[in-house]
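Below you'll find the structure, written out as structure tokens, and then a few comments.
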Amino acid sequence: MFSSAYLCICIYCMLQLGFQIFSECHCRNLQAGQNKNYICMLIIAQLSFVADILSSIHTDSAWLFPFVVVGNYTEGILNTILLPIYFCYVCGQITKPDVKLKRRVHIVLWTMATICITTVISNAFTDKIFYFDTAKVYHRGSLFVLPMAIVFAMMVIIEVFIISQKEKIEPHYYRLLLLFLIPPLIGWALQLFIYGLPFSLLGITFASLVLFTNIQNRSIDQDYLTGVFNRKMLDNFIQKKINASTDSKTFSGILLDIDKFKYINDHFGHIEGDKALMNTAHILRNSLKFTDFIARYGGDEFCIILESDDHETVQNTILQINSSLINYNQREDVPYQLSFSFGYAIYNRSMGTNPQSFIKVIDEEMYKQKIAHRS
């Protein structure tokens, strides 16, 4: 049988993973957080620990030994599947990823995963990956490193893909995604030379815990429904931009309001109104640069902060939003037409040194357009 220390480590890691799964399933909006792939990763890691515990049992019992064998096969298969799913999670964090590149990498990863899984399963006929002697003791086979090499190559491909999409990922999250595979990679290397502990799974648990902490911190700054930043984060961000502004370099802000939002709620229901808010956030994300800041100001109002202090750039941004809005309204599954009223301003010191005074200026400009639309 395995040692009590080994079992305690596995149980501790499984409790950590279980807590993360529970928190993500019951405390978050999966549609807004886009963390279904993350939860799938946690479940696979949890099952991998179960398989590792089974595979580590040393027994000559006729009824228990088949579970030991199945545990070895299952762990190899689950560890391989984890990487393509992590890639899907990464893609969900990228603003406007390269679709062709994403599809190609996705196909390559699943092809490599299929080859690796086939190799592991074929071990039942070849004993080249691992085998059990007559005393039912586990041994590594001559091709033991082959599936590990495939998994390592998959990790490298994902890392290269993340680097290629650097400009489309939030800087802090970019570093997090890039470093996520490092602990499992170190664990993989340790497991190659040291028997007795599931180093790769320990690495995955540590990496998932770091990712979980960042997801929780990120959710504090996000609007629960739409997934964009919330009012508190907006005020903090504008204050930082005001403090950093100079006579030669400042920033701009756009405030938009959904026209006739009350009409949507009254005639189509509040659930449809929520969809209108989520679709507005989606339109804004697809219209803006990654460096542009988007927040829900309140109700049906959204605020956009741009790095640019050029009027033409701001106007072009509004044109781009309206262009995306036209494309959205051409969809046949939408029972109403969305329209926006805009107000914008380039910040200068005369507008005050706090976020509320700057937003008030934009709000007044937006209200003028709102009245014009009603007319």
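The way I read the labels, and the way they are meant: chains A, B, ... in the order of the structure tokens, residue 1 as the first residue of every chain, and ligand 1 as the first ligand shown, with later ones counted on from there.
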Can I get the residues of stretch 156-200 of chain A within 10 Å of stretch 210-231 of chain A, each with the closest pair of atoms and their distance in Å to one decimal, using only C-alpha atoms, sorted chain first then ascending number, as CSV?
residue,atom,partner,partner_atom,distance
A:His172,CA,A:Asn214,CA,9.5
A:Tyr173,CA,A:Asn214,CA,8.4
A:Leu176,CA,A:Leu211,CA,7.1
A:Leu177,CA,A:Leu211,CA,8.2
A:Leu179,CA,A:Leu211,CA,9.9
A:Phe180,CA,A:Leu211,CA,7.6
Output of the above residues as a compact mmCIF listing (two decimals), in the first residue's frame, restricted to C-alpha atoms:
# COMPACT_ATOMS: atom_id res chain seq x y z
CA HIS A 172 -1.38 40.79 -15.85
CA TYR A 173 -3.44 37.88 -17.18
CA LEU A 176 -0.53 34.38 -15.43
CA LEU A 177 -1.52 32.29 -18.47
CA LEU A 179 3.29 30.85 -16.15
CA PHE A 180 0.38 28.47 -15.51
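For stretch 30-211 of chain A, the set of residues given strand (DSSP E) by DSSP on the backbone reads A:Phe130, A:Tyr131, A:Phe132, A:Tyr138, A:His139, A:Arg140.
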Those of stretch 240-340 of chain A in DSSP alpha helix (DSSP H), formatted as a PyMOL selection string
chain A and resi 240-244+261-268+270-287+311-329
Which of these, A:Leu201, A:Ile283, A:Val334, A:Leu7, has the shortest distance to A:Ser48 once you count only C-alpha atoms?
A:Leu201
From the list A:Val90, A:Arg104, A:Thr114, A:Lys360, which residue is nearest A:Ile77 when using only C-alpha atoms?
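Result for the nearest residue to A:Ile77: A:Thr114.
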Using only C-alpha atoms, determine which residues lie at most 9 Å from A:Phe358, disregarding the query and same-chain residues fewer than 5 positions distant; provide the list as a ChimeraX atom specification.
/A:238,253,345,347-348,351-353,363
Using only C-alpha atoms, which of A:Leu178, A:Val145, A:Ala45, A:Ile162 sits nearest A:Gln191?
A:Val145
Restricting the calculation to only C-alpha atoms, which member of A:Ile264, A:Val108, A:Leu234, A:Leu15 is positioned closest to A:Ala153?
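Of the candidates, the smallest distance to A:Ala153 is held by A:Val108.
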Tell me which protein, DNA and RNA residues are within 12 Å of stretch 265-273 of chain A, counting only C-alpha atoms, leaving out same-chain ones fewer than 2 positions away, and put them as a PDB file with N, CA, C and O atoms, in the first residue's frame.
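The new file part_16.pdb reads:
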ATOM      1  N   LEU A 225     -23.125  40.825 -14.308  1.00  0.00           N
ATOM      2  CA  LEU A 225     -23.973  40.440 -15.432  1.00  0.00           C
ATOM      3  C   LEU A 225     -23.231  40.472 -16.764  1.00  0.00           C
ATOM      4  O   LEU A 225     -23.303  39.521 -17.546  1.00  0.00           O
ATOM      5  N   THR A 226     -22.506  41.555 -17.027  1.00  0.00           N
ATOM      6  CA  THR A 226     -21.930  41.773 -18.359  1.00  0.00           C
ATOM      7  C   THR A 226     -20.482  41.335 -18.495  1.00  0.00           C
ATOM      8  O   THR A 226     -19.998  41.141 -19.605  1.00  0.00           O
ATOM      9  N   ILE A 258     -28.232  52.957 -23.632  1.00  0.00           N
ATOM     10  CA  ILE A 258     -29.097  52.198 -24.542  1.00  0.00           C
ATOM     11  C   ILE A 258     -30.424  52.940 -24.674  1.00  0.00           C
ATOM     12  O   ILE A 258     -31.124  53.166 -23.674  1.00  0.00           O
ATOM     13  N   ASP A 259     -30.771  53.327 -25.889  1.00  0.00           N
ATOM     14  CA  ASP A 259     -32.034  54.036 -26.119  1.00  0.00           C
ATOM     15  C   ASP A 259     -33.222  53.108 -25.872  1.00  0.00           C
ATOM     16  O   ASP A 259     -33.200  51.934 -26.255  1.00  0.00           O
ATOM     17  N   LYS A 260     -34.239  53.651 -25.234  1.00  0.00           N
ATOM     18  CA  LYS A 260     -35.500  52.934 -25.002  1.00  0.00           C
ATOM     19  C   LYS A 260     -35.287  51.597 -24.281  1.00  0.00           C
ATOM     20  O   LYS A 260     -35.932  50.589 -24.584  1.00  0.00           O
ATOM     21  N   PHE A 261     -34.375  51.605 -23.326  1.00  0.00           N
ATOM     22  CA  PHE A 261     -34.107  50.383 -22.576  1.00  0.00           C
ATOM     23  C   PHE A 261     -35.328  49.984 -21.742  1.00  0.00           C
ATOM     24  O   PHE A 261     -35.631  48.798 -21.582  1.00  0.00           O
ATOM     25  N   LYS A 262     -36.045  50.969 -21.210  1.00  0.00           N
ATOM     26  CA  LYS A 262     -37.250  50.686 -20.428  1.00  0.00           C
ATOM     27  C   LYS A 262     -38.299  49.997 -21.307  1.00  0.00           C
ATOM     28  O   LYS A 262     -39.016  49.096 -20.848  1.00  0.00           O
ATOM     29  N   TYR A 263     -38.361  50.397 -22.578  1.00  0.00           N
ATOM     30  CA  TYR A 263     -39.303  49.784 -23.512  1.00  0.00           C
ATOM     31  C   TYR A 263     -38.979  48.291 -23.687  1.00  0.00           C
ATOM     32  O   TYR A 263     -39.881  47.450 -23.725  1.00  0.00           O
ATOM     33  N   LYS A 275     -30.250  40.435 -21.425  1.00  0.00           N
ATOM     34  CA  LYS A 275     -29.561  40.025 -22.649  1.00  0.00           C
ATOM     35  C   LYS A 275     -29.102  41.237 -23.447  1.00  0.00           C
ATOM     36  O   LYS A 275     -28.018  41.227 -24.047  1.00  0.00           O
ATOM     37  N   ALA A 276     -29.930  42.288 -23.450  1.00  0.00           N
ATOM     38  CA  ALA A 276     -29.554  43.515 -24.164  1.00  0.00           C
ATOM     39  C   ALA A 276     -28.295  44.125 -23.558  1.00  0.00           C
ATOM     40  O   ALA A 276     -27.402  44.594 -24.274  1.00  0.00           O
ATOM     41  N   LEU A 277     -28.190  44.087 -22.232  1.00  0.00           N
ATOM     42  CA  LEU A 277     -26.993  44.606 -21.555  1.00  0.00           C
ATOM     43  C   LEU A 277     -25.760  43.760 -21.889  1.00  0.00           C
ATOM     44  O   LEU A 277     -24.685  44.290 -22.180  1.00  0.00           O
ATOM     45  N   MET A 278     -25.937  42.438 -21.851  1.00  0.00           N
ATOM     46  CA  MET A 278     -24.809  41.544 -22.157  1.00  0.00           C
ATOM     47  C   MET A 278     -24.384  41.678 -23.616  1.00  0.00           C
ATOM     48  O   MET A 278     -23.189  41.674 -23.925  1.00  0.00           O
ATOM     49  N   ASN A 279     -25.369  41.827 -24.514  1.00  0.00           N
ATOM     50  CA  ASN A 279     -25.035  41.994 -25.933  1.00  0.00           C
ATOM     51  C   ASN A 279     -24.366  43.336 -26.195  1.00  0.00           C
ATOM     52  O   ASN A 279     -23.495  43.438 -27.060  1.00  0.00           O
ATOM     53  N   THR A 280     -24.757  44.361 -25.452  1.00  0.00           N
ATOM     54  CA  THR A 280     -24.090  45.662 -25.580  1.00  0.00           C
ATOM     55  C   THR A 280     -22.625  45.544 -25.184  1.00  0.00           C
ATOM     56  O   THR A 280     -21.740  46.063 -25.871  1.00  0.00           O
ATOM     57  N   GLY A 299     -27.038  50.862 -14.477  1.00  0.00           N
ATOM     58  CA  GLY A 299     -28.235  50.681 -15.297  1.00  0.00           C
ATOM     59  C   GLY A 299     -27.879  50.261 -16.703  1.00  0.00           C
ATOM     60  O   GLY A 299     -27.233  49.232 -16.921  1.00  0.00           O
ATOM     61  N   ASP A 300     -28.298  51.073 -17.682  1.00  0.00           N
ATOM     62  CA  ASP A 300     -28.017  50.765 -19.086  1.00  0.00           C
ATOM     63  C   ASP A 300     -26.939  51.679 -19.658  1.00  0.00           C
ATOM     64  O   ASP A 300     -26.866  51.881 -20.862  1.00  0.00           O
ATOM     65  N   VAL A 334     -33.161  38.581 -33.009  1.00  0.00           N
ATOM     66  CA  VAL A 334     -33.357  39.664 -32.056  1.00  0.00           C
ATOM     67  C   VAL A 334     -34.711  40.319 -32.307  1.00  0.00           C
ATOM     68  O   VAL A 334     -34.963  40.816 -33.408  1.00  0.00           O
ATOM     69  N   PRO A 335     -35.619  40.336 -31.325  1.00  0.00           N
ATOM     70  CA  PRO A 335     -36.976  40.867 -31.544  1.00  0.00           C
ATOM     71  C   PRO A 335     -37.069  42.393 -31.499  1.00  0.00           C
ATOM     72  O   PRO A 335     -38.166  42.938 -31.603  1.00  0.00           O
ATOM     73  N   TYR A 336     -35.964  43.076 -31.324  1.00  0.00           N
ATOM     74  CA  TYR A 336     -35.963  44.538 -31.236  1.00  0.00           C
ATOM     75  C   TYR A 336     -34.640  45.069 -31.781  1.00  0.00           C
ATOM     76  O   TYR A 336     -33.680  44.320 -31.971  1.00  0.00           O
ATOM     77  N   LEU A 338     -31.426  47.549 -31.226  1.00  0.00           N
ATOM     78  CA  LEU A 338     -30.661  48.313 -30.247  1.00  0.00           C
ATOM     79  C   LEU A 338     -30.169  49.612 -30.874  1.00  0.00           C
ATOM     80  O   LEU A 338     -29.819  49.644 -32.054  1.00  0.00           O
TER      81      LEU A 338
END
What gap, in Å, lies between atom CA of A:Thr80 and atom CA of A:Ser164?
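Computing it gives 23.0 Å between the two atoms.
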Surrounding residues of A:Ile94 excluding itself and chain neighbours under 2 positions, 9 Å, only C-alpha atoms, as a PyMOL selection string
chain A and resi 90-92+96-97+165-166+168-170
Output of the above residues as a PDB file, in the first residue's frame, restricted to all heavy atoms:
ATOM      1  N   VAL A  90      -7.579  29.373 -22.423  1.00  0.00           N
ATOM      2  CA  VAL A  90      -6.714  30.484 -22.841  1.00  0.00           C
ATOM      3  C   VAL A  90      -7.396  31.309 -23.929  1.00  0.00           C
ATOM      4  O   VAL A  90      -7.403  32.545 -23.884  1.00  0.00           O
ATOM      5  CB  VAL A  90      -5.352  29.949 -23.335  1.00  0.00           C
ATOM      6  CG1 VAL A  90      -4.557  31.050 -24.040  1.00  0.00           C
ATOM      7  CG2 VAL A  90      -4.548  29.379 -22.182  1.00  0.00           C
ATOM      8  N   CYS A  91      -7.956  30.628 -24.913  1.00  0.00           N
ATOM      9  CA  CYS A  91      -8.619  31.330 -26.028  1.00  0.00           C
ATOM     10  C   CYS A  91      -9.775  32.192 -25.533  1.00  0.00           C
ATOM     11  O   CYS A  91     -10.055  33.243 -26.115  1.00  0.00           O
ATOM     12  CB  CYS A  91      -9.120  30.325 -27.063  1.00  0.00           C
ATOM     13  SG  CYS A  91      -7.797  29.486 -27.965  1.00  0.00           S
ATOM     14  N   GLY A  92     -10.424  31.758 -24.460  1.00  0.00           N
ATOM     15  CA  GLY A  92     -11.524  32.533 -23.903  1.00  0.00           C
ATOM     16  C   GLY A  92     -11.081  33.819 -23.240  1.00  0.00           C
ATOM     17  O   GLY A  92     -11.885  34.715 -23.000  1.00  0.00           O
ATOM     18  N   LYS A  96     -10.439  39.015 -29.440  1.00  0.00           N
ATOM     19  CA  LYS A  96     -10.329  38.845 -30.890  1.00  0.00           C
ATOM     20  C   LYS A  96      -9.105  38.011 -31.275  1.00  0.00           C
ATOM     21  O   LYS A  96      -8.168  38.495 -31.917  1.00  0.00           O
ATOM     22  CB  LYS A  96     -10.248  40.202 -31.592  1.00  0.00           C
ATOM     23  CG  LYS A  96     -11.460  41.078 -31.396  1.00  0.00           C
ATOM     24  CD  LYS A  96     -11.284  42.415 -32.110  1.00  0.00           C
ATOM     25  CE  LYS A  96     -12.448  43.336 -31.879  1.00  0.00           C
ATOM     26  NZ  LYS A  96     -12.257  44.662 -32.531  1.00  0.00           N
ATOM     27  N   PRO A  97      -9.045  36.735 -30.866  1.00  0.00           N
ATOM     28  CA  PRO A  97      -7.898  35.890 -31.229  1.00  0.00           C
ATOM     29  C   PRO A  97      -7.854  35.633 -32.729  1.00  0.00           C
ATOM     30  O   PRO A  97      -8.874  35.747 -33.424  1.00  0.00           O
ATOM     31  CB  PRO A  97      -8.161  34.591 -30.461  1.00  0.00           C
ATOM     32  CG  PRO A  97      -9.647  34.557 -30.293  1.00  0.00           C
ATOM     33  CD  PRO A  97     -10.072  35.992 -30.129  1.00  0.00           C
ATOM     34  N   GLN A 165      -0.098  35.831 -29.032  1.00  0.00           N
ATOM     35  CA  GLN A 165      -1.311  36.622 -28.817  1.00  0.00           C
ATOM     36  C   GLN A 165      -1.144  37.640 -27.688  1.00  0.00           C
ATOM     37  O   GLN A 165      -2.133  38.150 -27.148  1.00  0.00           O
ATOM     38  CB  GLN A 165      -2.486  35.690 -28.486  1.00  0.00           C
ATOM     39  CG  GLN A 165      -2.775  34.629 -29.530  1.00  0.00           C
ATOM     40  CD  GLN A 165      -3.225  35.220 -30.845  1.00  0.00           C
ATOM     41  OE1 GLN A 165      -4.230  35.909 -30.925  1.00  0.00           O
ATOM     42  NE2 GLN A 165      -2.455  34.969 -31.900  1.00  0.00           N
ATOM     43  N   LYS A 166       0.073  37.958 -27.355  1.00  0.00           N
ATOM     44  CA  LYS A 166       0.378  38.828 -26.216  1.00  0.00           C
ATOM     45  C   LYS A 166      -0.376  40.142 -26.260  1.00  0.00           C
ATOM     46  O   LYS A 166      -0.902  40.614 -25.244  1.00  0.00           O
ATOM     47  CB  LYS A 166       1.882  39.091 -26.162  1.00  0.00           C
ATOM     48  CG  LYS A 166       2.302  40.020 -25.020  1.00  0.00           C
ATOM     49  CD  LYS A 166       3.800  40.242 -25.014  1.00  0.00           C
ATOM     50  CE  LYS A 166       4.198  41.181 -23.877  1.00  0.00           C
ATOM     51  NZ  LYS A 166       5.664  41.407 -23.863  1.00  0.00           N
ATOM     52  N   LYS A 168      -3.154  40.860 -27.324  1.00  0.00           N
ATOM     53  CA  LYS A 168      -4.608  40.738 -27.204  1.00  0.00           C
ATOM     54  C   LYS A 168      -5.045  40.218 -25.843  1.00  0.00           C
ATOM     55  O   LYS A 168      -6.207  39.895 -25.643  1.00  0.00           O
ATOM     56  CB  LYS A 168      -5.135  39.807 -28.301  1.00  0.00           C
ATOM     57  CG  LYS A 168      -4.807  40.280 -29.719  1.00  0.00           C
ATOM     58  CD  LYS A 168      -5.270  39.274 -30.755  1.00  0.00           C
ATOM     59  CE  LYS A 168      -4.894  39.726 -32.157  1.00  0.00           C
ATOM     60  NZ  LYS A 168      -5.317  38.755 -33.186  1.00  0.00           N
ATOM     61  N   ILE A 169      -4.077  40.117 -24.918  1.00  0.00           N
ATOM     62  CA  ILE A 169      -4.364  39.617 -23.579  1.00  0.00           C
ATOM     63  C   ILE A 169      -3.994  40.681 -22.563  1.00  0.00           C
ATOM     64  O   ILE A 169      -2.974  41.340 -22.689  1.00  0.00           O
ATOM     65  CB  ILE A 169      -3.580  38.321 -23.279  1.00  0.00           C
ATOM     66  CG1 ILE A 169      -3.802  37.280 -24.381  1.00  0.00           C
ATOM     67  CG2 ILE A 169      -3.975  37.743 -21.925  1.00  0.00           C
ATOM     68  CD1 ILE A 169      -2.962  36.029 -24.219  1.00  0.00           C
ATOM     69  N   GLU A 170      -4.849  40.843 -21.565  1.00  0.00           N
ATOM     70  CA  GLU A 170      -4.553  41.783 -20.479  1.00  0.00           C
ATOM     71  C   GLU A 170      -3.181  41.452 -19.909  1.00  0.00           C
ATOM     72  O   GLU A 170      -2.889  40.291 -19.594  1.00  0.00           O
ATOM     73  CB  GLU A 170      -5.635  41.647 -19.401  1.00  0.00           C
ATOM     74  CG  GLU A 170      -5.451  42.554 -18.214  1.00  0.00           C
ATOM     75  CD  GLU A 170      -6.478  42.273 -17.144  1.00  0.00           C
ATOM     76  OE1 GLU A 170      -7.584  41.787 -17.475  1.00  0.00           O
ATOM     77  OE2 GLU A 170      -6.172  42.535 -15.964  1.00  0.00           O
TER      78      GLU A 170
END
Name the residues in contact with stretch 72-74 of chain A at a cut-off of 12 Å, using only C-alpha atoms, excluding same-chain residues fewer than 4 positions from it; report them as number ranges by chain.
A: 44-45, 47-57, 65-68, 78-81, 116-124, 127, 129-132, 138-140, 147
Give the answer as one residue: which of A:Ser357, A:Thr134, A:Gln46, A:Thr313 has the shortest atom-to-atom distance to A:Ile11, using only C-alpha atoms?
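Looking only at the distances to A:Ile11, the closest residue turns out to be A:Gln46.
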Atom CA of A:Ala189 to atom CA of A:Lys36: how many Å, to one decimal?
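Interatomic distance, atom CA of A:Ala189 to atom CA of A:Lys36: 28.8 Å.
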Pick from A:Met154, A:Gln320, A:Cys303, A:Met41: nearest to A:Ser287, with only C-alpha atoms counted?
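Closest residue, counting only C-alpha atoms: A:Gln320.
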Work out how far apart atom CA of A:Leu101 and atom CA of A:Ile158 are and give it in Å to one decimal.
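Calculated distance between atom CA of A:Leu101 and atom CA of A:Ile158 is 11.6 Å.
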Which residues are near A:Ser308? Cut-off 12 Å, only C-alpha atoms, ignore same chain within fewer than 5 positions. Put them as a list of chain:residue names.
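Contacts, with the query itself left out: A:Lys241, A:Ser245, A:Ser248, A:Lys249, A:Thr250, A:Phe251, A:Ser252, A:Gly253, A:Ile254, A:Lys289, A:Thr291, A:Asp292, A:Phe293, A:Thr313, A:Val314, A:Gln315, A:Asn316, A:Thr317, A:Ala345, A:Ile346, A:Tyr347.
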Dump as a short mmCIF file (atom, residue, chain, number, x, y, z; two decimals), in the first residue's frame, selection limited to N, CA and C atoms:
data_model
loop_
_atom_site.label_atom_id
_atom_site.label_comp_id
_atom_site.auth_asym_id
_atom_site.auth_seq_id
_atom_site.Cartn_x
_atom_site.Cartn_y
_atom_site.Cartn_z
N LYS A 241 -5.95 57.87 -14.25
CA LYS A 241 -5.69 58.59 -15.51
C LYS A 241 -5.60 60.09 -15.26
N SER A 245 -2.28 62.54 -15.95
CA SER A 245 -2.44 63.45 -17.08
C SER A 245 -1.53 64.67 -16.96
N SER A 248 0.47 67.90 -22.02
CA SER A 248 0.76 67.35 -23.35
C SER A 248 0.15 65.98 -23.59
N LYS A 249 -0.25 65.30 -22.53
CA LYS A 249 -0.79 63.95 -22.69
C LYS A 249 -1.92 63.73 -21.70
N THR A 250 -3.11 63.43 -22.23
CA THR A 250 -4.25 63.17 -21.36
C THR A 250 -5.04 61.99 -21.92
N PHE A 251 -6.33 61.92 -21.67
CA PHE A 251 -7.11 60.77 -22.11
C PHE A 251 -8.52 61.25 -22.47
N SER A 252 -9.35 60.33 -22.95
CA SER A 252 -10.71 60.69 -23.33
C SER A 252 -11.68 59.65 -22.79
N GLY A 253 -12.93 60.04 -22.71
CA GLY A 253 -13.96 59.13 -22.21
C GLY A 253 -15.22 59.21 -23.05
N ILE A 254 -15.88 58.07 -23.19
CA ILE A 254 -17.15 57.99 -23.92
C ILE A 254 -18.18 57.37 -22.98
N LYS A 289 -10.24 48.45 -28.97
CA LYS A 289 -8.92 47.86 -28.82
C LYS A 289 -8.81 47.23 -27.44
N THR A 291 -6.55 47.72 -25.30
CA THR A 291 -6.09 48.70 -24.32
C THR A 291 -7.20 49.64 -23.86
N ASP A 292 -8.34 49.64 -24.54
CA ASP A 292 -9.46 50.50 -24.16
C ASP A 292 -10.18 49.90 -22.94
N PHE A 293 -10.57 50.76 -22.04
CA PHE A 293 -11.19 50.34 -20.78
C PHE A 293 -12.71 50.43 -20.91
N THR A 313 -9.88 60.36 -33.24
CA THR A 313 -9.80 58.98 -32.79
C THR A 313 -11.05 58.58 -32.01
N VAL A 314 -11.53 59.48 -31.17
CA VAL A 314 -12.73 59.20 -30.38
C VAL A 314 -13.94 59.03 -31.31
N GLN A 315 -14.06 59.93 -32.30
CA GLN A 315 -15.18 59.86 -33.23
C GLN A 315 -15.12 58.58 -34.07
N ASN A 316 -13.91 58.18 -34.47
CA ASN A 316 -13.76 56.92 -35.22
C ASN A 316 -14.14 55.72 -34.36
N THR A 317 -13.85 55.80 -33.07
CA THR A 317 -14.24 54.73 -32.15
C THR A 317 -15.75 54.60 -32.08
N ALA A 345 -15.76 63.32 -24.22
CA ALA A 345 -14.97 64.51 -23.90
C ALA A 345 -13.50 64.11 -23.77
N ILE A 346 -12.64 65.07 -24.08
CA ILE A 346 -11.20 64.93 -23.84
C ILE A 346 -10.92 65.58 -22.49
N TYR A 347 -10.29 64.86 -21.60
CA TYR A 347 -10.08 65.40 -20.25
C TYR A 347 -9.07 66.54 -20.25
#
